[in-house]
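One file, input.cif, is given below (mmCIF, C-alpha atoms).
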```
data_coords
#
loop_
_atom_site.label_atom_id
_atom_site.label_comp_id
_atom_site.auth_asym_id
_atom_site.auth_seq_id
_atom_site.Cartn_x
_atom_site.Cartn_y
_atom_site.Cartn_z
CA MET A 859 56.80 32.98 14.34
CA THR A 860 58.62 30.06 16.02
CA VAL A 861 55.27 28.68 17.25
CA ASN A 862 53.95 28.63 13.69
CA LYS A 863 57.17 26.99 12.54
CA ILE A 864 56.79 24.15 15.04
CA ILE A 865 53.10 23.69 14.21
CA SER A 866 53.51 23.68 10.45
CA ARG A 867 56.35 21.19 10.81
CA ALA A 868 54.22 19.00 13.08
CA ILE A 869 51.34 18.96 10.57
CA GLN A 870 53.72 17.33 8.04
CA GLU A 871 53.84 14.31 10.38
CA LEU A 872 50.13 13.59 9.93
CA LYS A 873 48.53 11.39 7.27
CA CYS A 874 44.99 10.82 6.05
CA GLY A 875 43.19 8.05 7.91
CA GLN A 876 44.99 8.55 11.20
CA ILE A 877 43.51 9.00 14.67
CA VAL A 878 45.46 11.72 16.47
CA ASN A 879 45.39 13.10 20.01
CA LEU A 880 46.62 16.64 20.67
CA GLY A 881 47.92 17.66 24.10
CA ILE A 882 47.03 20.91 25.89
CA GLY A 883 48.99 23.97 24.76
CA LEU A 884 51.00 24.09 21.57
CA PRO A 885 49.65 20.79 20.10
CA THR A 886 45.94 21.78 20.35
CA LYS A 887 46.77 24.75 18.08
CA ILE A 888 47.33 22.21 15.27
CA LEU A 889 43.53 21.92 14.98
CA ASP A 890 43.37 25.58 13.87
CA HIS A 891 45.91 25.04 11.09
CA ILE A 892 45.08 21.61 9.71
CA PRO A 893 44.18 21.69 5.98
CA PRO A 894 40.42 21.01 5.61
CA ASN A 895 40.97 18.23 3.04
CA MET A 896 43.00 16.06 5.46
CA ASP A 897 40.82 13.12 6.50
CA ILE A 898 42.00 12.79 10.10
CA PHE A 899 40.05 11.99 13.27
CA PHE A 900 41.27 14.09 16.17
CA GLN A 901 40.53 12.39 19.48
CA SER A 902 39.99 14.61 22.46
CA GLU A 903 40.32 12.70 25.74
CA ASN A 904 37.34 14.47 27.31
CA GLY A 905 35.18 12.17 25.18
CA LEU A 906 35.18 12.97 21.49
CA LEU A 907 36.48 11.35 18.31
CA GLY A 908 36.34 13.76 15.37
CA ALA A 909 37.17 17.25 16.68
CA LYS A 910 37.16 20.13 14.21
CA LYS A 911 38.01 23.81 14.49
CA ILE A 912 34.87 25.87 15.07
CA ALA A 913 34.06 28.36 12.27
CA THR A 914 34.12 31.98 13.44
CA ASP A 915 30.45 32.52 12.55
CA ALA A 916 29.16 29.15 13.84
CA PRO A 917 26.99 29.03 16.99
CA ILE A 918 28.89 27.79 20.06
CA ASN A 919 27.87 24.51 21.68
CA TYR A 920 28.80 25.22 25.31
CA ASP A 921 28.94 21.48 26.04
CA LEU A 922 31.65 20.91 23.45
CA ILE A 923 35.29 21.69 24.24
CA ASP A 924 38.71 20.26 23.50
CA ALA A 925 40.97 19.01 26.31
CA GLY A 926 42.37 22.52 26.75
CA GLY A 927 38.91 24.06 27.25
CA ALA A 928 38.52 25.75 23.84
CA TYR A 929 35.16 25.55 22.09
CA ILE A 930 35.30 23.29 19.04
CA ASP A 931 33.04 21.61 16.50
CA THR A 932 32.61 18.03 15.27
CA ARG A 933 33.39 16.66 11.80
CA ASN A 934 31.38 14.09 9.83
CA GLY A 935 31.60 10.69 11.47
CA ALA A 936 32.31 12.06 14.94
CA SER A 937 31.25 10.32 18.17
CA PHE A 938 30.92 11.17 21.87
CA PHE A 939 31.70 8.81 24.77
CA ASP A 940 32.51 8.84 28.47
CA SER A 941 36.00 9.15 29.99
CA SER A 942 36.45 5.40 30.58
CA VAL A 943 35.73 4.64 26.90
CA SER A 944 38.02 7.49 25.90
CA PHE A 945 40.92 5.98 27.82
CA ALA A 946 40.05 2.44 26.77
CA MET A 947 40.64 3.76 23.24
CA ILE A 948 43.99 5.20 24.34
CA ARG A 949 45.28 2.26 26.41
CA ARG A 950 44.13 -0.18 23.72
CA GLY A 951 46.47 1.57 21.25
CA LYS A 952 43.70 2.83 18.95
CA ILE A 953 45.27 6.29 18.72
CA ASP A 954 47.87 6.31 15.91
CA VAL A 955 49.76 9.46 16.87
CA THR A 956 49.87 11.56 20.03
CA ILE A 957 51.42 15.01 19.95
CA MET A 958 52.23 16.57 23.29
CA GLY A 959 54.34 19.18 25.02
CA ALA A 960 57.24 18.62 27.41
CA PHE A 961 59.16 20.22 30.26
CA GLU A 962 62.10 17.88 29.53
CA VAL A 963 62.92 14.99 27.23
CA ASP A 964 66.05 12.86 27.16
CA GLN A 965 68.21 10.85 24.82
CA GLU A 966 66.61 7.58 25.93
CA GLY A 967 63.25 8.95 24.78
CA SER A 968 61.89 9.50 28.27
CA LEU A 969 59.41 12.30 28.90
CA ALA A 970 58.73 14.66 31.82
CA ASN A 971 55.70 16.90 31.45
CA TRP A 972 53.51 16.67 34.54
CA LYS A 973 55.33 17.98 37.58
CA ILE A 974 57.85 20.64 38.53
CA PRO A 975 57.96 19.95 42.28
CA GLY A 976 56.97 22.92 44.42
CA TYR A 977 56.50 25.22 41.44
CA PHE A 978 54.10 24.12 38.72
CA SER A 979 52.41 20.76 38.88
CA PRO A 980 49.57 20.74 36.38
CA GLY A 981 48.99 17.05 37.00
CA ILE A 982 49.06 13.96 34.84
CA GLY A 983 45.89 14.34 32.81
CA GLY A 984 45.99 11.89 29.93
CA ALA A 985 49.75 12.16 29.44
CA MET A 986 50.95 8.91 31.06
CA GLU A 987 48.48 6.72 29.21
CA LEU A 988 48.99 8.52 25.89
CA ALA A 989 52.80 8.42 26.20
CA GLN A 990 52.90 4.79 27.29
CA LYS A 991 50.33 3.32 24.88
CA THR A 992 50.33 5.31 21.63
CA PRO A 993 52.42 3.71 18.84
CA LYS A 994 53.83 7.09 17.73
CA VAL A 995 54.64 9.79 20.29
CA ILE A 996 55.73 13.17 18.95
CA ILE A 997 56.91 15.91 21.30
CA LEU A 998 56.60 19.60 20.44
CA CYS A 999 58.54 22.01 22.61
CA SER A 1000 60.89 24.95 22.52
CA HIS A 1001 64.46 23.71 22.22
CA ASN A 1002 65.63 25.80 25.19
CA ASP A 1003 63.84 27.28 28.21
CA LYS A 1004 63.61 31.03 28.88
CA LYS A 1005 67.05 30.98 30.53
CA GLY A 1006 68.54 29.20 27.52
CA ASN A 1007 68.84 25.79 29.19
CA SER A 1008 68.38 22.81 26.89
CA LYS A 1009 65.11 20.88 27.26
CA ILE A 1010 66.71 17.97 25.38
CA LEU A 1011 68.77 16.33 28.11
CA LYS A 1012 71.07 13.36 28.57
CA LYS A 1013 68.76 12.29 31.40
CA CYS A 1014 65.48 13.85 32.59
CA LYS A 1015 65.72 15.44 36.05
CA LEU A 1016 62.02 16.03 36.68
CA PRO A 1017 59.58 13.24 37.66
CA LEU A 1018 58.89 11.12 34.58
CA THR A 1019 55.62 10.85 32.71
CA ALA A 1020 56.84 7.71 30.92
CA LYS A 1021 60.15 6.02 30.19
CA LYS A 1022 61.48 5.45 26.65
CA CYS A 1023 58.22 6.45 24.98
CA ILE A 1024 59.14 9.19 22.46
CA ASN A 1025 59.59 8.60 18.72
CA ARG A 1026 60.23 12.11 17.43
CA ILE A 1027 61.00 15.54 18.91
CA ILE A 1028 60.14 18.74 17.02
CA THR A 1029 61.49 21.99 18.43
CA ASP A 1030 61.94 25.49 17.00
CA LYS A 1031 65.54 24.47 16.17
CA ALA A 1032 65.51 20.83 15.15
CA VAL A 1033 63.66 17.66 14.24
CA ILE A 1034 65.20 14.75 16.14
CA ASP A 1035 64.42 11.02 16.05
CA VAL A 1036 64.77 8.81 19.09
CA THR A 1037 66.38 5.50 18.10
CA GLU A 1038 68.07 2.52 19.75
CA LYS A 1039 71.43 4.16 18.94
CA GLY A 1040 70.45 7.50 20.43
CA LEU A 1041 69.10 10.83 19.16
CA ILE A 1042 69.53 11.33 15.42
CA LEU A 1043 69.31 14.84 14.00
CA LYS A 1044 66.96 14.74 11.00
CA GLU A 1045 66.39 18.41 10.25
CA ILE A 1046 67.76 21.72 11.45
CA ALA A 1047 66.06 25.13 11.45
CA ALA A 1048 67.09 27.33 8.53
CA GLY A 1049 69.83 29.76 9.54
CA LEU A 1050 71.24 27.62 12.36
CA THR A 1051 74.51 25.70 12.06
CA VAL A 1052 74.99 22.18 13.39
CA ALA A 1053 77.76 23.46 15.69
CA GLU A 1054 75.38 26.06 17.17
CA LEU A 1055 72.66 23.44 17.67
CA ILE A 1056 75.05 21.05 19.44
CA GLU A 1057 76.09 23.87 21.76
CA GLN A 1058 72.45 24.59 22.62
CA THR A 1059 71.64 20.90 23.26
CA ASP A 1060 72.56 19.02 26.43
CA ALA A 1061 71.87 15.57 24.97
CA GLU A 1062 74.31 13.90 22.61
CA LEU A 1063 73.17 14.13 19.01
CA ILE A 1064 74.09 11.72 16.25
CA ILE A 1065 74.75 13.84 13.14
CA PRO A 1066 74.17 11.95 9.88
CA GLN A 1067 75.59 12.96 6.47
CA ASN A 1068 72.34 14.33 5.17
CA ILE A 1069 70.35 16.74 7.29
CA GLY A 1070 67.26 18.53 6.01
CA THR A 1071 66.25 22.07 6.88
CA PHE A 1072 62.83 23.39 7.87
CA MET B 1275 4.07 7.26 41.88
CA ILE B 1276 7.84 7.44 41.56
CA ASN B 1277 9.10 11.01 41.37
CA LYS B 1278 12.72 11.69 42.27
CA GLN B 1279 12.48 15.45 41.82
CA ILE B 1280 13.31 17.36 45.00
CA ALA B 1281 14.30 20.92 45.94
CA ILE B 1282 17.99 21.80 45.61
CA GLU B 1283 18.22 22.83 49.29
CA LYS B 1284 16.89 19.47 50.46
CA ALA B 1285 19.09 17.47 48.06
CA ILE B 1286 22.31 19.15 49.21
CA ALA B 1287 21.31 19.18 52.90
CA ALA B 1288 21.69 15.37 52.84
CA ILE B 1289 25.47 15.85 52.54
CA PRO B 1290 27.24 15.87 55.95
CA ASN B 1291 30.59 17.40 56.90
CA GLY B 1292 33.45 15.09 55.95
CA ALA B 1293 31.63 13.50 53.01
CA THR B 1294 33.46 12.14 49.97
CA ILE B 1295 31.84 13.63 46.88
CA MET B 1296 32.35 12.85 43.21
CA VAL B 1297 31.70 15.84 40.97
CA GLY B 1298 31.11 15.35 37.24
CA GLY B 1299 32.62 17.49 34.51
CA PHE B 1300 35.76 18.01 32.47
CA GLY B 1301 36.42 21.74 32.57
CA ASP B 1302 33.03 23.47 32.36
CA PRO B 1303 30.97 20.93 30.37
CA GLY B 1304 29.20 18.50 32.67
CA THR B 1305 30.07 20.39 35.87
CA PRO B 1306 26.98 20.69 38.14
CA PHE B 1307 27.54 24.38 38.89
CA SER B 1308 24.14 24.91 40.60
CA LEU B 1309 24.59 21.98 43.01
CA ILE B 1310 28.11 23.25 43.80
CA ASP B 1311 26.75 26.74 44.50
CA GLU B 1312 24.20 25.28 46.91
CA LEU B 1313 26.98 23.33 48.66
CA LEU B 1314 28.92 26.59 48.90
CA LYS B 1315 25.86 28.28 50.43
CA GLN B 1316 25.22 25.50 52.96
CA GLY B 1317 28.93 25.39 53.84
CA GLN B 1318 29.60 21.70 54.60
CA ARG B 1319 33.29 21.29 55.52
CA ASN B 1320 36.15 18.78 55.55
CA LEU B 1321 35.00 17.43 52.21
CA VAL B 1322 36.96 15.08 49.95
CA ILE B 1323 36.22 16.05 46.36
CA ILE B 1324 36.83 13.70 43.43
CA LYS B 1325 36.82 15.55 40.11
CA ASN B 1326 38.84 15.29 36.91
CA ASP B 1327 40.09 18.87 37.31
CA ALA B 1328 39.72 21.84 39.67
CA ASN B 1329 37.65 23.90 37.20
CA GLU B 1330 39.16 27.25 36.27
CA ASP B 1331 39.88 29.90 38.89
CA ALA B 1332 36.82 31.27 40.74
CA ILE B 1333 34.24 28.90 39.24
CA GLY B 1334 32.86 25.45 40.11
CA ILE B 1335 34.73 23.46 42.76
CA SER B 1336 37.42 26.15 42.82
CA LYS B 1337 34.92 28.19 44.89
CA LEU B 1338 34.53 25.36 47.44
CA ILE B 1339 38.30 25.04 47.72
CA LYS B 1340 38.76 28.80 48.16
CA ASN B 1341 36.00 28.79 50.81
CA ASN B 1342 38.04 26.27 52.81
CA GLN B 1343 35.41 23.51 52.54
CA VAL B 1344 37.73 20.95 50.94
CA ASP B 1345 40.44 18.97 52.77
CA LYS B 1346 41.50 16.83 49.86
CA LEU B 1347 41.11 16.80 46.09
CA ILE B 1348 41.46 13.55 44.15
CA THR B 1349 42.03 14.59 40.56
CA SER B 1350 43.91 14.21 37.30
CA HIS B 1351 44.84 17.70 36.11
CA ILE B 1352 44.74 21.17 37.69
CA GLY B 1353 46.94 22.98 35.15
CA LEU B 1354 44.25 25.54 34.28
CA ASN B 1355 43.82 26.72 37.89
CA LYS B 1356 46.82 28.61 39.30
CA THR B 1357 45.02 29.34 42.61
CA VAL B 1358 44.59 25.63 43.35
CA ILE B 1359 48.20 24.87 42.30
CA ASP B 1360 49.32 27.60 44.71
CA LEU B 1361 47.18 26.20 47.60
CA MET B 1362 48.67 22.75 46.92
CA ASN B 1363 52.22 24.13 46.89
CA ARG B 1364 51.59 25.93 50.21
CA GLU B 1365 50.18 22.66 51.62
CA LYS B 1366 46.77 24.24 52.30
CA LEU B 1367 45.10 21.56 50.18
CA LYS B 1368 45.96 17.90 49.81
CA VAL B 1369 45.95 16.86 46.16
CA GLU B 1370 46.12 13.25 44.97
CA PHE B 1371 46.84 12.85 41.25
CA TYR B 1372 45.95 9.89 39.06
CA PRO B 1373 46.37 9.39 35.34
CA GLN B 1374 43.04 10.51 33.90
CA GLY B 1375 41.96 7.17 32.48
CA ILE B 1376 43.03 5.36 35.65
CA LEU B 1377 40.88 7.76 37.69
CA ALA B 1378 37.99 7.08 35.30
CA GLU B 1379 38.55 3.32 35.48
CA LYS B 1380 38.78 3.34 39.32
CA ILE B 1381 35.39 5.04 39.35
CA ARG B 1382 33.93 2.78 36.65
CA ASN B 1383 35.20 -0.24 38.56
CA ALA B 1384 33.40 0.88 41.72
CA GLY B 1385 30.32 1.54 39.61
CA ALA B 1386 30.48 -2.03 38.34
CA GLY B 1387 30.53 -3.35 41.92
CA CYS B 1388 34.17 -4.48 41.73
CA PHE B 1389 37.10 -3.88 44.03
CA GLY B 1390 39.98 -3.06 41.71
CA PHE B 1391 41.90 -3.90 38.55
CA LEU B 1392 45.45 -4.45 37.28
CA THR B 1393 47.33 -1.96 35.10
CA ASP B 1394 50.83 -1.11 33.89
CA ILE B 1395 50.17 2.63 33.56
CA GLY B 1396 52.76 4.73 35.38
CA ILE B 1397 54.85 1.65 36.22
CA ASP B 1398 58.14 3.52 35.67
CA THR B 1399 57.10 6.65 37.55
CA GLU B 1400 57.03 8.03 41.07
CA ILE B 1401 53.22 7.75 41.37
CA ILE B 1402 53.45 4.04 42.02
CA ASP B 1403 52.88 2.72 45.52
CA LYS B 1404 55.35 -0.19 45.50
CA SER B 1405 53.29 -2.15 48.03
CA ARG B 1406 50.66 -2.56 45.30
CA LEU B 1407 52.96 -4.15 42.69
CA ILE B 1408 52.31 -7.78 41.78
CA TYR B 1409 53.51 -10.30 39.21
CA PHE B 1410 50.62 -11.60 37.18
CA GLN B 1411 50.80 -13.61 33.94
CA GLY B 1412 54.51 -12.84 33.66
CA LYS B 1413 54.16 -9.09 33.97
CA GLU B 1414 54.81 -6.60 36.75
CA LEU B 1415 51.52 -4.80 37.30
CA ILE B 1416 49.89 -2.41 39.74
CA ILE B 1417 46.81 -3.25 41.77
CA GLU B 1418 44.54 -0.23 41.41
CA PRO B 1419 41.67 -0.21 43.95
CA ALA B 1420 38.15 0.84 42.93
CA LEU B 1421 37.13 4.33 44.04
CA TYR B 1422 33.77 4.69 45.75
CA ALA B 1423 32.12 7.84 47.15
CA ASP B 1424 29.31 8.84 49.48
CA PHE B 1425 27.74 11.24 46.98
CA ALA B 1426 27.92 12.13 43.31
CA LEU B 1427 26.88 15.51 41.93
CA ILE B 1428 25.92 15.10 38.30
CA HIS B 1429 24.93 17.48 35.49
CA ALA B 1430 22.65 15.98 32.83
CA ARG B 1431 21.40 17.80 29.76
CA ARG B 1432 18.08 15.98 30.07
CA ALA B 1433 16.35 13.90 32.75
CA ASP B 1434 12.92 12.52 33.53
CA LYS B 1435 11.33 12.22 36.98
CA TYR B 1436 12.41 8.55 37.23
CA GLY B 1437 16.06 9.58 36.95
CA ASN B 1438 16.89 8.51 33.38
CA LEU B 1439 19.74 10.75 32.23
CA THR B 1440 21.06 11.98 28.89
CA TYR B 1441 24.27 13.97 28.62
CA GLY B 1442 25.18 16.60 26.04
CA SER B 1443 28.22 16.29 23.71
CA SER B 1444 31.50 16.35 25.65
CA ALA B 1445 29.60 17.09 28.91
CA MET B 1446 29.27 13.33 29.37
CA ASN B 1447 32.88 12.72 30.50
CA PHE B 1448 32.95 11.43 34.13
CA ASN B 1449 29.22 11.87 34.82
CA PRO B 1450 27.87 8.41 33.90
CA LEU B 1451 30.78 6.71 35.73
CA MET B 1452 30.29 8.72 38.92
CA ALA B 1453 26.54 8.19 38.81
CA MET B 1454 27.27 4.45 39.11
CA ALA B 1455 30.03 4.68 41.74
CA ALA B 1456 28.49 6.83 44.48
CA ASN B 1457 26.05 5.70 47.17
CA GLN B 1458 23.79 8.75 46.77
CA VAL B 1459 23.43 10.35 43.37
CA ILE B 1460 22.11 13.91 43.04
CA VAL B 1461 21.48 15.13 39.51
CA GLU B 1462 20.79 18.64 38.24
CA THR B 1463 19.17 19.29 34.89
CA TYR B 1464 17.75 22.25 33.03
CA GLN B 1465 15.53 20.02 30.87
CA LEU B 1466 13.23 17.92 33.02
CA ILE B 1467 11.19 16.06 30.42
CA SER B 1468 7.97 14.11 30.78
CA SER B 1469 8.03 10.32 30.46
CA ALA B 1470 6.07 10.69 27.22
CA GLU B 1471 8.95 12.75 25.79
CA GLN B 1472 11.58 10.24 26.92
CA SER B 1473 13.09 7.83 24.43
CA PRO B 1474 14.56 4.72 26.13
CA GLU B 1475 17.19 4.51 23.37
CA SER B 1476 18.66 7.90 24.25
CA VAL B 1477 19.16 7.19 27.97
CA HIS B 1478 22.87 7.17 28.94
CA THR B 1479 22.41 6.54 32.69
CA PRO B 1480 19.45 4.35 33.65
CA SER B 1481 17.23 5.50 36.53
CA ALA B 1482 18.36 2.72 38.92
CA PHE B 1483 21.56 4.65 39.65
CA VAL B 1484 19.87 7.96 40.43
CA ASP B 1485 18.41 9.08 43.78
CA SER B 1486 17.47 12.75 43.36
CA ILE B 1487 16.70 15.07 40.47
CA VAL B 1488 16.98 18.83 40.87
CA LYS B 1489 15.43 21.03 38.19
CA ILE B 1490 17.53 24.15 37.69
CA ASP B 1491 15.76 27.24 36.36
CA SER B 1492 18.59 28.70 34.33
CA LEU B 1493 22.03 27.92 33.00
CA THR B 1494 24.23 30.62 34.56
CA HIS B 1495 27.27 32.13 32.82
CA GLU B 1496 29.44 29.32 34.20
CA TYR B 1497 27.79 26.68 32.05
#
```
File written out as structure tokens:
Amino acid sequence: MTVNKIISRAIQELKCGQIVNLGIGLPTKILDHIPPNMDIFFQSENGLLGAKKIATDAPINYDLIDAGGAYIDTRNGASFFDSSVSFAMIRRGKIDVTIMGAFEVDQEGSLANWKIPGYFSPGIGGAMELAQKTPKVIILCSHNDKKGNSKILKKCKLPLTAKKCINRIITDKAVIDVTEKGLILKEIAAGLTVAELIEQTDAELIIPQNIGTF
Amino acid sequence: MINKQIAIEKAIAAIPNGATIMVGGFGDPGTPFSLIDELLKQGQRNLVIIKNDANEDAIGISKLIKNNQVDKLITSHIGLNKTVIDLMNREKLKVEFYPQGILAEKIRNAGAGCFGFLTDIGIDTEIIDKSRLIYFQGKELIIEPALYADFALIHARRADKYGNLTYGSSAMNFNPLMAMAANQVIVETYQLISSAEQSPESVHTPSAFVDSIVKIDSLTHEY
């Protein structure tokens, strides 16, 4: 339920004509839910521009996966390339929007999503280059961890993926913009009060007059 | 007559203990599972493996790591392999992480006969070795050395006996880069085509970079 809420809210961020990269986990699920009439090229860093959800009755091409390892298909106009070309595309800023997950984010817009020392270190993957070089970086994550701790912090504690790189954060509880002034609350989940959200958020939030709900 | 086709046993027997080996593939696609299985069988040890990821648990290079043949893994992402994360956490396996495109570029750079390049990726993070920072054209940048290897194990969808390679879909990934960067390049393919069937326009890796071609008889469940 909350997963679908985050994903459907994230899809509203996307526009026809964009090139979009989806990170492993929650973001790659966007591919399953994207309306078929949206003319978007999804870039997958393993070497594909133009990823499409595979139809349930379509034959599987075992050489064709997304970055998370799921079998996919290609859309019209798709292309394949090697990993150096894939990351040339990323570092050159040719990706319009990157949507990725996070362990922690902070009010300066810094991101930590590659290492929890001694516990779970998945590794960097494409995250540093995508976070540092994509014009629009959107983070999807649960607002709080399983123990209820806020993932939106004053300052990240985990090793950083990139400093001051995030533009927008979408959680199950809020849509927040990262600005020069700080974090601005744009939308709040239906049924939650601003006071409750502030209590569940470590970072300082700027609360404007008009806040949408989602 | 040039013919680079050799038996899998002979191709892998050229690899000594302690070798540095690049292994193609991103997840399953492009991983040379048959060459890896032969390496597992022959049991060379103290290997340094360079691969984008650790494959998933119990397949591909994960088997070499579990069999204690690997001292060090140079990689980008191992998030889909809890066994390898656990071995790293218990300090049974050295793991060196690079941003994925930097790993690719280090390999490409070696393949192009160069010694390194300058980048700003990761500049604000703990992965930076401060001794490699320089000021160049008004910017603080990192010197990233090229990454060479003794061997590359490559999976091609199609090859001819001269060693011209074509990759399938997203199975291309690191394969063409590694084929250029390693001193000895061993390629496996299920489709060994005749030179009459080969189209020069569809060759991704030209034969000059390839030393040995191994014809595999089937694509096992791992592929």
Query raised in the report: Which one of B:Arg1382, B:Lys1284, B:His1495, B:Arg1364 sits closest to Tyr920 in chain A if you count only C-alpha atoms?
Result: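 Using only C-alpha atoms, Tyr920 in chain A sits closest to B:His1495.
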Query - Within 7 Å of Ile1417 in chain B using all atoms listed in the file, minus same-chain residues under 5 positions, as a list in words - result: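 Residues near the query, excluding close chain neighbours: Gly1390, Phe1391, Leu1392, Thr1393, Arg1406 and Leu1407 of chain B.
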Requested in this report: Residues of chain A near chain B: apply a cut-off of 8 Å, count only C-alpha atoms, and supply the list as a PyMOL selection string.
Outcome: chain A and resi 904-906+920-923+927+938-942+944-946+976-987+990+1017-1021
**Report entry** Nearby residues (all atoms listed in the file) at most 7 Å from range 1422-1426 of chain B, same-chain spacing under 2 positions excluded, as a PyMOL selection string
**Finding:** chain B and resi 1293-1297+1381+1384+1420+1428+1452-1453+1455-1460
How would the residues just chosen look if you wrote them out with C-alpha atoms as an mmCIF file, keeping the file's coordinate frame?
```cif
data_model
loop_
_atom_site.group_PDB
_atom_site.id
_atom_site.type_symbol
_atom_site.label_atom_id
_atom_site.label_comp_id
_atom_site.auth_asym_id
_atom_site.auth_seq_id
_atom_site.Cartn_x
_atom_site.Cartn_y
_atom_site.Cartn_z
ATOM 1 C CA ALA B 1293 31.630 13.500 53.010
ATOM 2 C CA THR B 1294 33.460 12.140 49.970
ATOM 3 C CA ILE B 1295 31.840 13.630 46.880
ATOM 4 C CA MET B 1296 32.350 12.850 43.210
ATOM 5 C CA VAL B 1297 31.700 15.840 40.970
ATOM 6 C CA ILE B 1381 35.390 5.040 39.350
ATOM 7 C CA ALA B 1384 33.400 0.880 41.720
ATOM 8 C CA ALA B 1420 38.150 0.840 42.930
ATOM 9 C CA ILE B 1428 25.920 15.100 38.300
ATOM 10 C CA MET B 1452 30.290 8.720 38.920
ATOM 11 C CA ALA B 1453 26.540 8.190 38.810
ATOM 12 C CA ALA B 1455 30.030 4.680 41.740
ATOM 13 C CA ALA B 1456 28.490 6.830 44.480
ATOM 14 C CA ASN B 1457 26.050 5.700 47.170
ATOM 15 C CA GLN B 1458 23.790 8.750 46.770
ATOM 16 C CA VAL B 1459 23.430 10.350 43.370
ATOM 17 C CA ILE B 1460 22.110 13.910 43.040
#
```
Query raised in the report: Within 9 Å of Lys1435 in chain B, counting all atoms listed in the file, which residues qualify if same-chain residues fewer than 3 places away don't, as a list in words?
Result: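 In the requested format, the answer is Ile1276, Asn1277, Lys1278, Gln1279, Asn1438, Leu1466, Ile1467, Ser1468, Ser1469, Ser1481, Ser1486 and Ile1487 of chain B.
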Requested in this report: Would you mind reading off the distance between CA of Asp915 in chain A and CA of Tyr929 in chain A, one decimal, in Å?
Outcome: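 Interatomic distance, CA of Asp915 in chain A to CA of Tyr929 in chain A: 12.7 Å.
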**Report entry** Answer as a list in words, residues within 12 Å of (15.8, 6.8, 26.1) using all atoms listed in the file
**Finding:** Arg1432, Ala1433, Asp1434, Tyr1436, Gly1437, Asn1438, Leu1439, Thr1440, Tyr1441, Ile1467, Ser1468, Ser1469, Ala1470, Glu1471, Gln1472, Ser1473, Pro1474, Glu1475, Ser1476, Val1477, His1478, Thr1479, Pro1480 and Ser1481 of chain B
Query raised in the report: For the atom pair CA of Arg867 in chain A and CA of Lys1039 in chain A, what is the interatomic distance in Å to one decimal place?
Result: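 Rounded to one decimal, the two atoms are 24.2 Å apart.
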Query - Answer key for the PyMOL selection byres ((chain B and resi 1489) around 7), residues as number ranges by chain - result: B: 1462-1464, 1466, 1487-1488, 1490-1491
Query - Test item: residues at most 10 Å from Asn934 in chain A, only C-alpha atoms, excluding those fewer than 4 positions along its chain, as a list in words - result: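 The residues satisfying every condition are Phe899, Gly908, Ala909 and Lys910 of chain A.
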Using the chain letters and numbering of this document, enumerate as a PDB file with C-alpha atoms, in the coordinates of the input the residues selected by the PyMOL selection byres ((chain A and resi 1024) around 7).
```
ATOM      1  CA  GLY A 967      63.250   8.950  24.780  1.00  0.00           C
ATOM      2  CA  SER A 968      61.890   9.500  28.270  1.00  0.00           C
ATOM      3  CA  VAL A 995      54.640   9.790  20.290  1.00  0.00           C
ATOM      4  CA  ILE A 996      55.730  13.170  18.950  1.00  0.00           C
ATOM      5  CA  LYS A1022      61.480   5.450  26.650  1.00  0.00           C
ATOM      6  CA  CYS A1023      58.220   6.450  24.980  1.00  0.00           C
ATOM      7  CA  ASN A1025      59.590   8.600  18.720  1.00  0.00           C
ATOM      8  CA  ARG A1026      60.230  12.110  17.430  1.00  0.00           C
ATOM      9  CA  VAL A1036      64.770   8.810  19.090  1.00  0.00           C
TER      10      VAL A1036
END
```
Query - Residue among A:Pro993, A:Pro975, A:Pro917, A:Gly1070 lying closest to Thr956 in chain A, counting all atoms listed in the file - result: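 Ranking A:Pro993, A:Pro975, A:Pro917, A:Gly1070 by distance to Thr956 in chain A, first place goes to A:Pro993.
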Which residues, named as in the file, does the PyMOL selection byres ((chain A and resi 1061) around 9) pick out? Answer as a CSV table (one decimal) with C-alpha atoms, in the frame of the given file.
```
chain,number,residue,atom,x,y,z
A,964,ASP,CA,66.0,12.9,27.2
A,965,GLN,CA,68.2,10.8,24.8
A,1008,SER,CA,68.4,22.8,26.9
A,1009,LYS,CA,65.1,20.9,27.3
A,1010,ILE,CA,66.7,18.0,25.4
A,1011,LEU,CA,68.8,16.3,28.1
A,1012,LYS,CA,71.1,13.4,28.6
A,1013,LYS,CA,68.8,12.3,31.4
A,1041,LEU,CA,69.1,10.8,19.2
A,1056,ILE,CA,75.0,21.0,19.4
A,1059,THR,CA,71.6,20.9,23.3
A,1060,ASP,CA,72.6,19.0,26.4
A,1062,GLU,CA,74.3,13.9,22.6
A,1063,LEU,CA,73.2,14.1,19.0
```
Report task. Rank nothing, just name the residue among A:Gly1049, A:Gly935, A:Gly959, A:Gly926 nearest to Leu884 in chain A, using only C-alpha atoms. Result ->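 The shortest atom-to-atom distance to Leu884 in chain A comes from A:Gly959.
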